[in-house]
Each structure stands twice: as C-alpha cells, then as structure tokens.
Amino acid sequence: MARKADVVNFDCSKYQTDFSMLRRFRKTGLQVDPAELSSFLDSLPDDLWDPATKQICFTHTPLDYPSKAPLHFEGCGSLTYQWSFEPYNNKGALKEREVKLHESQFTEFNKEFSGTYIEEVYKIVSAAFPVRRMRFMRLDPKKCMSYHTDNDLRIHYAVRTDPACQMVIDSEVAHMPSDGEGYFCDTKYFHTAFNGTHKLKRVHLVFGVLGDFDELCNARGI
Ligand SMILES: [Fe+2]
C-alpha cells in the first residue's frame with residue numbers, strides 16, 4: 001500500500017498488477033507501439049470527442065439513417081440508450097436511441113482515419129480477434145464508471161494512465177499500464193473502472209470483441 005509519504009515520488013514499478021494471477025484479465029500478446037498511439041491521440045482535434053460520452057469511435061455500421069452523422073459518434077456510449085447531458089425523459093426513464101444498434105454491426109473502419117497509426121492497430125487486433133467497435137474512451141480525474149455488465153468482451157490498450165487508475169471485474173482489480181500490450185477483459189461480468197488521480201485524463205483504446213472469453217483465450221493460448 002502507498003503511504004502518504006510515498007505519494008510525492010510514486011514509484012509505479014512497485015504497484016504492477018500480476019496478470020498471471022487473474023482470471024478476468026489476460027494479456028493478448030498483441031503488441032502495438034505506445035508512443036505512436038500516444039502521438040496519434042495528441043493529433044486529434046478536441047471536436048472529435050463526443051462531449052456526452054467522452055469517446056471517439058473509429059468503426060461504424062454500414063447502416064444509413066438520418067441521425068447517423070458524424071460517423072465517429074455512431075459507436076459512442078450505449079448502443080441502446082441515448083446518453084446526453086439530459087439522459088432522462090419527462091417520465092424519468094432513460095432516453096433510448098432512435099436506432100438501437102448491436103456491437104456486431106460495427107464492421108466498417110472509418111476511412112477518415114485511413115493511413116494513420118490507428119488503422120495499423122485496427123489491422124493487428126482484428127486479424128486476431130472478432131473485433132467490432134474501436135473507441136478511445138476518456139475517464140476524467142476522480143471519476144468512476146457505473147457498475148455494469150456488457151453483452152460483449154473488451155480488449156484495452158492504455159494510452160494515458162497512472163497506477164491510480166484501476167479496473168475492477170468480478171472483484172479482481174488491475175492497473176493496465178500503457179506498455180503497448182492489449183489486455184483482454186471479461187466484461188460480461190460486473191465491472192467498473194476508476195481514475196483516482198487529481199489531474200490526469202485517463203484514455204484507453206477499447207475494442208468490443210464478440211464471442212466467449214474462455215474459448216477465445218484457449219484459441220490464442222493465453
Ligand atoms: Fe463496460
């Protein structure tokens with residue numbers, strides 16, 4: 001445990017998660033270049049971020065419907081509910097999307113990002129796993145996610161993080177470092193994540209993955 005006196009010179013190496021001890025998190029072995037990923041993140045203008053969800057999605061569906069534009073917002077947030085700054089209707093229920101979507105429909109890489117490093121990362125991960133949505137997800141300082149389950153699995157690449165940023169799945173707790181490793185997460189179990197820093201905006205690149213966690217782990221030998 002970090003004592004108060006440790007906080008000024010926090011030594012990250014002391015607080016590494018031992019992933020070999022965990023069942024809900026696995027290293028994929030799909031390495032990308034963390035410096036290239038970080039540079040790509042820096043290159044993006046602020047208006048690409050969906051203000052309500054703090055996400056950017058790099059894949060989209062082949063569907064055509066009036067509220068679809070812009071493409072990089074289609075896959076942000078819930079695929080059932082319409083997250084916004086006023087997510088509830090006048091009956092107090094969550095507003096639903098005009099067109100409800102499913103992870104499996106996100107089969108198209110957004111051509112606006114062709115030729116960038118994010119396309120290379122997409123090719124690496126999609127060659128090994130049945131991936132669909134591919135998002136930058138930001139978690140601001142002193143915030144946490146709701147405790148929830150997903151219908152699909154996730155692979156996380158940490159881009160901006162700190163040991164005070166942790167993810168909890170089914171009572172297992174892990175800090176995923178920005179080491180270029182893709183961390184496969186069994187998000188069909190209840191999970192959350194928190195950013196316990198004061199200033200850092202945590203950013204992960206997150207893939208939605210179709211299928212069964214154990215079967216996919218066995219197939220890759222991880
Ligand atoms: Fe989730």
# chains A, B, ... in the order shown; residues from 1 in each chain; ligands from 1
>>> residues_near_ligand(ligand="ligand 1", cutoff="7 Å", atoms="only C-alpha atoms and all ligand atoms", output="PyMOL selection string")
chain A and resi 148-150+187+191-192
>>> residues_around(residues="segment 53-62 of chain A", least_positions_apart="4", cutoff="8 Å", atoms="only C-alpha atoms", output="ChimeraX atom specification")
/A:48-49,71-77,83-84,105-110,113,132-139
>>> write_last_selection(atoms="N, CA and C atoms", output="compact mmCIF listing (two decimals), in the first residue's frame")
# COMPACT_ATOMS: atom_id res chain seq x y z
N LEU A 48 -13.48 16.15 -32.11
CA LEU A 48 -13.78 14.76 -32.46
C LEU A 48 -14.39 14.00 -31.28
N TRP A 49 -14.18 14.52 -30.06
CA TRP A 49 -14.67 13.82 -28.87
C TRP A 49 -16.16 14.09 -28.70
N LEU A 71 -19.84 10.11 -38.32
CA LEU A 71 -19.54 8.68 -38.21
C LEU A 71 -18.81 8.32 -36.92
N HIS A 72 -17.92 9.20 -36.46
CA HIS A 72 -17.11 8.85 -35.28
C HIS A 72 -17.90 8.99 -33.97
N PHE A 73 -19.18 9.41 -34.06
CA PHE A 73 -20.04 9.42 -32.86
C PHE A 73 -20.97 8.20 -32.82
N GLU A 74 -21.14 7.51 -33.94
CA GLU A 74 -22.18 6.46 -34.00
C GLU A 74 -21.98 5.40 -32.92
N GLY A 75 -20.75 5.00 -32.68
CA GLY A 75 -20.49 3.91 -31.73
C GLY A 75 -20.17 4.36 -30.32
N CYS A 76 -20.35 5.66 -30.03
CA CYS A 76 -20.01 6.16 -28.69
C CYS A 76 -21.10 5.82 -27.68
N GLY A 77 -20.70 5.39 -26.51
CA GLY A 77 -21.64 5.18 -25.42
C GLY A 77 -22.47 3.92 -25.59
N TRP A 83 -27.17 8.56 -24.47
CA TRP A 83 -26.51 9.34 -23.43
C TRP A 83 -26.32 10.77 -23.89
N SER A 84 -26.68 11.68 -23.02
CA SER A 84 -26.50 13.10 -23.31
C SER A 84 -26.39 13.79 -21.96
N GLN A 105 -22.69 -5.04 -35.47
CA GLN A 105 -22.92 -4.25 -36.68
C GLN A 105 -21.76 -3.32 -37.02
N PHE A 106 -20.82 -3.17 -36.12
CA PHE A 106 -19.72 -2.20 -36.34
C PHE A 106 -18.57 -2.84 -37.11
N THR A 107 -18.85 -3.08 -38.39
CA THR A 107 -17.91 -3.84 -39.23
C THR A 107 -17.02 -2.95 -40.09
N GLU A 108 -17.27 -1.64 -40.09
CA GLU A 108 -16.56 -0.76 -41.03
C GLU A 108 -15.55 0.13 -40.31
N PHE A 109 -14.31 0.13 -40.81
CA PHE A 109 -13.31 1.08 -40.29
C PHE A 109 -13.56 2.44 -40.93
N ASN A 110 -13.59 3.48 -40.13
CA ASN A 110 -13.87 4.83 -40.63
C ASN A 110 -12.72 5.32 -41.52
N PHE A 113 -9.84 7.94 -41.06
CA PHE A 113 -8.60 7.65 -40.33
C PHE A 113 -7.67 6.71 -41.10
N ARG A 132 -15.21 -5.36 -33.15
CA ARG A 132 -16.20 -4.52 -33.81
C ARG A 132 -15.96 -3.04 -33.45
N ARG A 133 -16.56 -2.54 -32.35
CA ARG A 133 -16.29 -1.13 -32.05
C ARG A 133 -14.85 -0.96 -31.58
N MET A 134 -14.29 0.17 -31.95
CA MET A 134 -12.92 0.52 -31.57
C MET A 134 -12.98 1.97 -31.14
N ARG A 135 -12.79 2.21 -29.85
CA ARG A 135 -13.03 3.55 -29.31
C ARG A 135 -11.88 4.05 -28.44
N PHE A 136 -11.61 5.34 -28.51
CA PHE A 136 -10.90 6.00 -27.42
C PHE A 136 -11.95 6.32 -26.37
N MET A 137 -11.66 5.95 -25.13
CA MET A 137 -12.59 6.23 -24.03
C MET A 137 -11.82 6.99 -22.96
N ARG A 138 -12.35 8.14 -22.60
CA ARG A 138 -11.68 9.00 -21.62
C ARG A 138 -12.40 8.91 -20.28
N LEU A 139 -11.63 8.83 -19.22
CA LEU A 139 -12.20 8.85 -17.87
C LEU A 139 -11.48 9.96 -17.11
>>> closest_residue(among="A:Pro177, A:Pro130, A:Gly221, A:Pro66", to="Gly208 of chain A", atoms="only C-alpha atoms")
A:Pro130
>>> closest_residue(among="A:Thr28, A:Asn90, A:Ser67, A:Ser43", to="Phe184 of chain A", atoms="only C-alpha atoms")
A:Thr28
>>> closest_residue(among="A:Phe207, A:Tyr147, A:Tyr183, A:Phe213", to="Val168 of chain A", atoms="only C-alpha atoms")
A:Tyr147
>>> residues_around(residues="segment 91-101 of chain A", least_positions_apart="5", cutoff="7 Å", atoms="only C-alpha atoms", output="MDAnalysis selection string")
chainID A and resid 79:82
>>> write_last_selection(atoms="N, CA and C atoms", output="PDB file, in the first residue's frame")
ATOM      1  N   LEU A  79     -25.359   1.407 -26.856  1.00  0.00           N
ATOM      2  CA  LEU A  79     -25.986   1.175 -28.160  1.00  0.00           C
ATOM      3  C   LEU A  79     -27.504   1.106 -28.038  1.00  0.00           C
ATOM      4  N   THR A  80     -27.994   1.157 -26.798  1.00  0.00           N
ATOM      5  CA  THR A  80     -29.443   1.132 -26.553  1.00  0.00           C
ATOM      6  C   THR A  80     -29.951   2.504 -26.116  1.00  0.00           C
ATOM      7  N   TYR A  81     -29.223   3.136 -25.209  1.00  0.00           N
ATOM      8  CA  TYR A  81     -29.684   4.405 -24.637  1.00  0.00           C
ATOM      9  C   TYR A  81     -28.953   5.584 -25.266  1.00  0.00           C
ATOM     10  N   GLN A  82     -29.627   6.731 -25.243  1.00  0.00           N
ATOM     11  CA  GLN A  82     -29.079   7.950 -25.838  1.00  0.00           C
ATOM     12  C   GLN A  82     -28.453   8.797 -24.741  1.00  0.00           C
TER      13      GLN A  82
END
>>> atom_distance(atom1="atom CA of Leu153 of chain A", atom2="atom CA of Tyr189 of chain A")
9.4 Å
>>> closest_residue(among="A:Ala174, A:Leu41, A:Leu63, A:Ala127", to="Asp18 of chain A", atoms="only C-alpha atoms")
A:Ala174
>>> closest_residue(among="A:Cys185, A:Met176, A:Cys144, A:Cys217", to="Thr197 of chain A", atoms="only C-alpha atoms")
A:Cys144
>>> closest_residue(among="A:Met145, A:Val32, A:Ile155, A:Leu37", to="Leu216 of chain A", atoms="only C-alpha atoms")
A:Ile155
